[in-house]
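To start, the structure itself, in structure tokens.
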Amino acid sequence: MTYRPVVDSIAVPTPLDPFSAVFFVAAFVAAAMLTARRPAYGLCALLLTTPIAFAHDLAATTITLPKCVLLGVLLGLTTYSGVAGRLRRRPAPLLAGAFAFYILATALSLLDATHPAAAIRETLKWLEYAAFFVAAFSCYALDADDAALVVAAAIAGIAVALSALVQEIAGAPSGLYIGGAIVPRIAGLLEGPNQLSAYCTIAVATLGAWTLVRRTTLLDVALGLVVFADVLTFSRAGIVSLVIVGAIVAFWAGRRAWPALAPAVLGAIAGAGGAVWWAIYAHTPGILRVSLASSAYAGGVGNRGELWGAALRMWRDHPLFGAGAGNFELDLPEYGVYGVRTHANSWYLQSLAEGGIVLFAATLTMVSASIGAFLQKPLVARLRAQSPWVVAALAASIALALHQTVDDFVFYPKVGGAWFLLLGIAAAAFRA
């Protein structure tokens, strides 16, 4: 057999079949029963299944495992009285208001949408994200079982990291094409290497914060593997995000941070070693992506220069409500970008193009709320008195806010779902 560093995969819709339908129903029922028994179990199920789509198409929608588990958890939560009232506790109202504004702005983009079905899907996606937040907040507020949740987060991180690392041998969905060399960029259970890097940012923030408080072998293994996989995505902004997360967690913990974060350092060293090996294999240090030059082949998803230009032209034509949520990838040919179907490679430019000034304002509100909700004066004293969940959410939100200037991760439910689950847990764990 000939080794192929990149294995091109074509997305083929998978219709819902009887076996899958039974599986989805079983997942829904199991999640509802687990949540009714103990809310922490339902939240564990959400943490474990968020990166696993198992997507099947039914009519104009897609049924996924996380959606079924989420609906089951929400049903299970109805067996507890006073759940809705808990959402009035700080900082949940601030974050809930940001979600409401974003959903409204996305819905308003329908006014100018050439493809209204896409705008409706994006609006429903953000309703799903809000449901993730509400479910996580409610479950943790009712049953704050940190031990079970940390184990679930670690297992999910290990599964995602191993699914990606195996692609170093089996072939990855995309790669770096530099000269005559092709180097794999792993993605695992995620849609692409940049999406994997974003998921790893959330996982490292969570695992790193908890390693400082409750260090176990499982956490050490998970943290090391996740960092290892993150480095081998060759995402430059992802590396910066790792540094940001590490700095915030270390700031929170003080001197005790460095011994506890040793697994992360070992993972980074292993990843750097893998990157150097690929540089030797390719006979060029170019694969280390030290410069800002793009790969010679963008993998059919364009490059940021042409995508950002198209986004600005789209906004110029639809300044107030945008061209319609979810319409950017469909309208690209009208703006001179052919043979490409993807997002704008920037959450901020994507929101400006698809939702105009209104959705852009909602995006800034969401970013500000995800960070500002967990900040109090005096900053150092209050932050060090907070739960690791709060520190993890703050670190992940700051890193993602910066990373999404050059990418759009809320476009992908596996990343958006993981982020908003963490925000929901942190909001419930927040000590006002």
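In the structure tokens, chains take the letters A, B, ... in the order shown, each chain's residues start at 1, and ligands count up from 1 in the order shown.
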- Message: For the structure I just gave you, how does DSSP split stretch 180-411 of chain A - specifically, which residues are alpha helix (DSSP H)? Reply as a count of residues only.
- Response: 143
- Surrounding residues of A:Leu127 excluding itself and chain neighbours under 4 positions, 8 Å, only C-alpha atoms, as a list of chain:residue names: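 Counting only C-alpha atoms, the residues come to A:Ile103, A:Thr123, A:Ala131.
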Filtering to N, CA and C atoms, could you give me those residues as a PDB file, in the first residue's frame?
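What landed in out34.pdb:
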```pdb
ATOM      1  N   ILE A 103     -29.938  35.715  18.184  1.00  0.00           N
ATOM      2  CA  ILE A 103     -30.982  34.970  17.476  1.00  0.00           C
ATOM      3  C   ILE A 103     -31.889  35.930  16.716  1.00  0.00           C
ATOM      4  N   THR A 123     -30.630  30.427  12.037  1.00  0.00           N
ATOM      5  CA  THR A 123     -31.399  30.878  13.200  1.00  0.00           C
ATOM      6  C   THR A 123     -31.684  29.714  14.138  1.00  0.00           C
ATOM      7  N   ALA A 131     -29.990  26.568  23.661  1.00  0.00           N
ATOM      8  CA  ALA A 131     -30.464  25.411  24.413  1.00  0.00           C
ATOM      9  C   ALA A 131     -29.306  24.684  25.088  1.00  0.00           C
TER      10      ALA A 131
END
```
List the neighbours of A:Thr79 out to 9 Å using only C-alpha atoms; skip same-chain residues closer than 2 positions along the sequence, and give me the result as a PDB file with N, CA and C atoms, in the first residue's frame.
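See selection.pdb below for the written result:
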```
ATOM      1  N   THR A  35     -31.012  12.269  32.905  1.00  0.00           N
ATOM      2  CA  THR A  35     -31.170  13.607  33.473  1.00  0.00           C
ATOM      3  C   THR A  35     -32.214  13.612  34.579  1.00  0.00           C
ATOM      4  N   ALA A  36     -33.292  12.871  34.381  1.00  0.00           N
ATOM      5  CA  ALA A  36     -34.323  12.789  35.417  1.00  0.00           C
ATOM      6  C   ALA A  36     -33.780  12.115  36.677  1.00  0.00           C
ATOM      7  N   LEU A  75     -35.859  17.550  28.183  1.00  0.00           N
ATOM      8  CA  LEU A  75     -37.060  16.866  28.669  1.00  0.00           C
ATOM      9  C   LEU A  75     -36.854  16.392  30.105  1.00  0.00           C
ATOM     10  N   GLY A  76     -35.695  15.818  30.387  1.00  0.00           N
ATOM     11  CA  GLY A  76     -35.415  15.363  31.741  1.00  0.00           C
ATOM     12  C   GLY A  76     -35.439  16.489  32.756  1.00  0.00           C
ATOM     13  N   LEU A  77     -35.007  17.690  32.344  1.00  0.00           N
ATOM     14  CA  LEU A  77     -34.981  18.827  33.261  1.00  0.00           C
ATOM     15  C   LEU A  77     -36.380  19.293  33.649  1.00  0.00           C
ATOM     16  N   SER A  81     -38.627  21.092  39.626  1.00  0.00           N
ATOM     17  CA  SER A  81     -39.366  22.346  39.781  1.00  0.00           C
ATOM     18  C   SER A  81     -38.389  23.510  39.984  1.00  0.00           C
TER      19      SER A  81
END
```
- Atom-to-atom span, atom CA of A:Glu122 and atom CA of A:Gly42, Å: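 Answer for the atom CA of A:Glu122 to atom CA of A:Gly42 separation: 25.5 Å.
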What are the nearest atom pairs, with distances in Å to one decimal, for all residues of stretch 187-219 of chain A that come at most 12 Å from stretch 136-148 of chain A, using only C-alpha atoms, set out by chain and rising residue number as a Markdown table?
```
| residue | atom | partner | partner_atom | distance |
| --- | --- | --- | --- | --- |
| A:Thr206 | CA | A:Asp146 | CA | 11.7 |
| A:Trp210 | CA | A:Asp146 | CA | 9.5 |
| A:Thr211 | CA | A:Ala147 | CA | 11.8 |
| A:Val213 | CA | A:Asp146 | CA | 11.1 |
| A:Arg214 | CA | A:Ala147 | CA | 8.8 |
| A:Arg215 | CA | A:Ala147 | CA | 11.1 |
| A:Thr216 | CA | A:Ala147 | CA | 10.8 |
| A:Leu218 | CA | A:Ala147 | CA | 11.8 |
| A:Leu219 | CA | A:Ala147 | CA | 11.2 |
```
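Nearest to A:Val406 of all the residues A:His343, A:Arg255, A:Arg89, A:Arg185 is A:His343, based on only C-alpha atoms.
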- Message: Report as a PyMOL selection string all protein, DNA and RNA residues lying within 9 Å of stretch 44-51 of chain A, evaluated on only C-alpha atoms, omitting residues in the same chain fewer than 3 positions from it.
- Response: chain A and resi 31+34+39-41+65-67+69-70+73+132+136+148-153+155-157+160+189-190+199+413-415+417-418+421
- Task: List every residue of stretch 78-195 of chain A that DSSP, applied to the backbone, labels as strand (DSSP E), and write the result as a ChimeraX atom specification.
- Result: /A:174-178,181-185
- Message: Calculated over only C-alpha atoms, which of the candidates A:Val22, A:Leu423, A:Val29, A:Thr14 has the smallest distance to A:Leu58?
- Response: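 Closest residue, counting only C-alpha atoms: A:Thr14.
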- Find, counting only C-alpha atoms, the residue in A:Ala325, A:Leu162, A:Ala428, A:Leu71 that gets nearest to A:Gln386.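 Of the candidates, the smallest distance to A:Gln386 is held by A:Ala428.
Each of A:Leu110, A:Leu196, A:Ala205, A:Ala250 was compared to A:Ala154 using only C-alpha atoms, and A:Ala205 turns out to be the nearest.
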- Message: Rounded to one decimal, what separation in Å do you get between atom CA of A:Asn194 and atom CA of A:Tyr335?
- Response: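 Interatomic distance here is 24.9 Å.
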- Task: Write out as a list in words the residues lying within 6 Å of stretch 163-176 of chain A, counting only C-alpha atoms and excluding same-chain residues fewer than 3 positions away.
- Result: Arg4, Pro5, Val6, Val7, Asp8, Val160, Ile182, Val183, Pro184, Arg185, Ile186, Ala187, Gly188 and Ser295 of chain A
- Counting only C-alpha atoms, figure out which residue out of A:Leu124, A:Val25, A:Leu104, A:Ala32 gets nearest to A:Val358.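 When distances to A:Val358 are compared using only C-alpha atoms, the smallest one comes from A:Leu104.
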- Query: So, counting only C-alpha atoms, which residue among A:Met314, A:Ala262, A:Val204, A:Val367 is closest to A:Leu242?
  - Reply: A:Val204
